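Step one of this worksheet: look at the structure below.
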Amino acid sequence: MARISWRATSAGAYWIDVVVGGLPLSLMVDTGLTDPQNQIGFALEPATYDQLKQGRQLSHFRARVSRDASGRYVTVETGETTAQLLDPTTRGHAGPIAHLFVSRGTPGVPGRVGVPFFHRLKGCRVEWDLDAHTMTIEYP
Amino acid sequence: MMSQTTFEQDISRNREAFASLREEIRRRHAGQYVALADGKLQAVAPSYDEALAALQRLPSMPECYFIFEADDEPIFDVFTDY
């Protein structure tokens, strides 16, 4: 198994590198982004989502309803794409390619990667070192 | 802004509407995007954006709506974005 790691920022957030629809992105890990259908893997900034859409990297569009921490419901646009981890050191693609949906997020909120993406990484493991503040993904 | 209860009722209303419209949507609108809102089929269009634009032209743009490919099914499950 190969390994890639990311260190938490001074603010305590974990940002990982993922190629989404061919676009290399740095995305904040958000375990609060979950989907009973296990489909919505990312909530992207509107400009990034629109860039993917204009580049024809999204398909099978759907309007989905999301709910935030305040209990507010909102209908958002989602589209299907591919995603793969990116090694932060070598910038090479790493691990399996996942097919899942991205949602058009809220302006001003950074792009985030949610639980469904991790659940699509077949054969992979996440090791969260709580002392070292690192997140490591092992992939075949 | 729509209240939480109203939104949940709207989702239920659209879910029930789709159950009765499913076959008609597939038979008559294959290959198109359809927009469901207020418990009715509101628009049929060749693209997502055109279906959304049709909703935006309604006298009152619904807050709860479902746009999907006619050959597929809408997803009524709510995802959490905390």
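For the structure tokens, the naming scheme is as follows: chains receive sequential letters (A, B, ...) according to their order of presentation, residues are indexed from 1 within each chain, and ligands are indexed from 1 in presentation order.
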Notebook entry, point to check: Got a sec: who's within 6 Å of Arg67 of chain A, counting only C-alpha atoms, leaving out chain neighbours fewer than 4 positions off, as a list in words?
Noted result: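 Final neighbour list, sorted by chain and number: Gly71, Arg72 and Tyr73 of chain A; Thr80 and Asp81 of chain B.
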Let's have the selection written as an mmCIF file, in the first residue's frame, with N, CA and C atoms.
data_model
loop_
_atom_site.group_PDB
_atom_site.id
_atom_site.type_symbol
_atom_site.label_atom_id
_atom_site.label_comp_id
_atom_site.auth_asym_id
_atom_site.auth_seq_id
_atom_site.Cartn_x
_atom_site.Cartn_y
_atom_site.Cartn_z
ATOM 1 N N GLY A 71 -30.442 23.963 10.250
ATOM 2 C CA GLY A 71 -31.725 23.335 9.935
ATOM 3 C C GLY A 71 -32.358 23.879 8.672
ATOM 4 N N ARG A 72 -31.679 24.815 8.025
ATOM 5 C CA ARG A 72 -32.228 25.447 6.824
ATOM 6 C C ARG A 72 -32.113 24.506 5.624
ATOM 7 N N TYR A 73 -33.203 24.401 4.882
ATOM 8 C CA TYR A 73 -33.198 23.593 3.665
ATOM 9 C C TYR A 73 -32.928 24.499 2.468
ATOM 10 N N THR B 80 -26.905 16.237 3.996
ATOM 11 C CA THR B 80 -26.564 17.219 5.024
ATOM 12 C C THR B 80 -25.281 17.936 4.637
ATOM 13 N N ASP B 81 -25.280 19.228 4.849
ATOM 14 C CA ASP B 81 -24.121 20.059 4.533
ATOM 15 C C ASP B 81 -23.837 20.917 5.755
#
Item checked: In segment 6-131 of chain A, DSSP helix (DSSP H, G or I) residues written as a PyMOL selection string -> chain A and resi 46-54+115-119
Next item on the list: Please return, as a ChimeraX atom specification, all residues of chain A lying within 9 Å of chain B when only C-alpha atoms are considered.
Entry: /A:30-38,40,43,60-75,77,114
Next item on the list: Just list the residues in chain A DSSP gives strand (DSSP E) on the backbone, as an MDAnalysis selection string.
Entry: chainID A and resid 2:7 15:20 23:29 33:34 40:44 59:67 73:86 93:104 112:113 125:129 134:139
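Residues in contact range of segment 85-88 of chain A, defined as at most 9 Å between only C-alpha atoms, with sequence neighbours fewer than 5 positions away removed, read Arg3, Ile4, Ser5, Trp6, Ile16, Asp17, Val18, Val19, Val20, Pro24, Leu25, His93, Ala94, Gly95, Pro96 and Ile97 of chain A.
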Save the residues we just selected, N, CA and C atoms, as an mmCIF file, in the first residue's frame?
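This went into part-v1.cif:
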data_model
loop_
_atom_site.group_PDB
_atom_site.id
_atom_site.type_symbol
_atom_site.label_atom_id
_atom_site.label_comp_id
_atom_site.auth_asym_id
_atom_site.auth_seq_id
_atom_site.Cartn_x
_atom_site.Cartn_y
_atom_site.Cartn_z
ATOM 1 N N ARG A 3 1.220 5.485 0.505
ATOM 2 C CA ARG A 3 0.631 6.403 1.487
ATOM 3 C C ARG A 3 0.837 7.853 1.063
ATOM 4 N N ILE A 4 -0.174 8.660 1.295
ATOM 5 C CA ILE A 4 -0.026 10.104 1.118
ATOM 6 C C ILE A 4 -0.616 10.776 2.362
ATOM 7 N N SER A 5 0.015 11.879 2.774
ATOM 8 C CA SER A 5 -0.387 12.526 4.034
ATOM 9 C C SER A 5 -0.573 14.031 3.869
ATOM 10 N N TRP A 6 -1.438 14.554 4.719
ATOM 11 C CA TRP A 6 -1.645 15.993 4.806
ATOM 12 C C TRP A 6 -1.621 16.377 6.275
ATOM 13 N N ILE A 16 -7.178 18.457 1.722
ATOM 14 C CA ILE A 16 -6.522 17.416 0.925
ATOM 15 C C ILE A 16 -6.594 17.794 -0.558
ATOM 16 N N ASP A 17 -5.746 17.137 -1.330
ATOM 17 C CA ASP A 17 -5.669 17.440 -2.762
ATOM 18 C C ASP A 17 -6.433 16.383 -3.550
ATOM 19 N N VAL A 18 -7.332 16.849 -4.394
ATOM 20 C CA VAL A 18 -8.162 15.937 -5.188
ATOM 21 C C VAL A 18 -8.306 16.512 -6.599
ATOM 22 N N VAL A 19 -8.229 15.654 -7.589
ATOM 23 C CA VAL A 19 -8.532 16.072 -8.960
ATOM 24 C C VAL A 19 -10.011 15.803 -9.184
ATOM 25 N N VAL A 20 -10.768 16.858 -9.389
ATOM 26 C CA VAL A 20 -12.218 16.717 -9.606
ATOM 27 C C VAL A 20 -12.516 17.144 -11.037
ATOM 28 N N PRO A 24 -7.332 20.118 -10.586
ATOM 29 C CA PRO A 24 -6.701 19.875 -9.284
ATOM 30 C C PRO A 24 -7.186 20.892 -8.254
ATOM 31 N N LEU A 25 -7.707 20.395 -7.141
ATOM 32 C CA LEU A 25 -8.282 21.276 -6.125
ATOM 33 C C LEU A 25 -7.740 20.925 -4.752
ATOM 34 N N HIS A 93 -1.471 11.487 -9.678
ATOM 35 C CA HIS A 93 -2.766 10.943 -9.294
ATOM 36 C C HIS A 93 -2.552 9.704 -8.429
ATOM 37 N N ALA A 94 -3.411 9.521 -7.439
ATOM 38 C CA ALA A 94 -3.220 8.422 -6.489
ATOM 39 C C ALA A 94 -4.548 7.756 -6.164
ATOM 40 N N GLY A 95 -4.526 6.447 -6.090
ATOM 41 C CA GLY A 95 -5.716 5.720 -5.667
ATOM 42 C C GLY A 95 -6.750 5.573 -6.764
ATOM 43 N N PRO A 96 -7.882 4.982 -6.407
ATOM 44 C CA PRO A 96 -8.926 4.701 -7.401
ATOM 45 C C PRO A 96 -9.645 5.952 -7.883
ATOM 46 N N ILE A 97 -10.231 5.841 -9.064
ATOM 47 C CA ILE A 97 -11.063 6.926 -9.597
ATOM 48 C C ILE A 97 -12.491 6.701 -9.095
#
Item checked: Nearby residues (only C-alpha atoms) at most 6 Å from Gln32 of chain B, same-chain spacing under 2 positions excluded, as a count of residues only -> 6
Checklist line | Residue contacts of Met1 of chain A (10 Å, only C-alpha atoms) excluding same-chain residues fewer than 6 positions away, as a list in words | finding: Gly95, Gly123, Cys124, Arg125, Ile137, Glu138, Tyr139 and Pro140 of chain A
Give me, as a tab-separated table (two decimals) with C-alpha atoms, in the first residue's frame, all polymer residues having an atom no more than 10 Å from Thr82 of chain A, counting only C-alpha atoms and skipping those fewer than 2 positions away in the same chain.
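Saved file part27.tsv follows:
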chain	number	residue	atom	x	y	z
A	19	VAL	CA	-8.53	16.07	-8.96
A	20	VAL	CA	-12.22	16.72	-9.61
A	21	GLY	CA	-13.31	16.54	-13.23
A	22	GLY	CA	-9.69	17.00	-14.28
A	57	GLN	CA	-16.84	17.88	-16.92
A	58	LEU	CA	-20.27	17.45	-15.31
A	80	GLU	CA	-21.80	13.88	-11.83
A	84	GLN	CA	-9.14	11.01	-7.71
A	97	ILE	CA	-11.06	6.93	-9.60
A	98	ALA	CA	-14.43	7.63	-7.98
A	99	HIS	CA	-17.61	8.48	-9.88
A	100	LEU	CA	-19.85	10.71	-7.82
A	101	PHE	CA	-21.67	14.03	-7.66
A	102	VAL	CA	-20.57	17.54	-6.77
Notebook entry, point to check: Looking at B:Glu16, B:Asp38, B:Arg28, B:Glu23, which one is nearest to Leu55 of chain B, with distances taken over only C-alpha atoms?
Noted result: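 Using only C-alpha atoms, Leu55 of chain B sits closest to B:Asp38.
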Checklist line | Distance of atom CA of Gly108 of chain A from atom CA of Ser59 of chain A, expressed in Å to one decimal place | finding: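 Between these atoms lies a distance of 24.5 Å.
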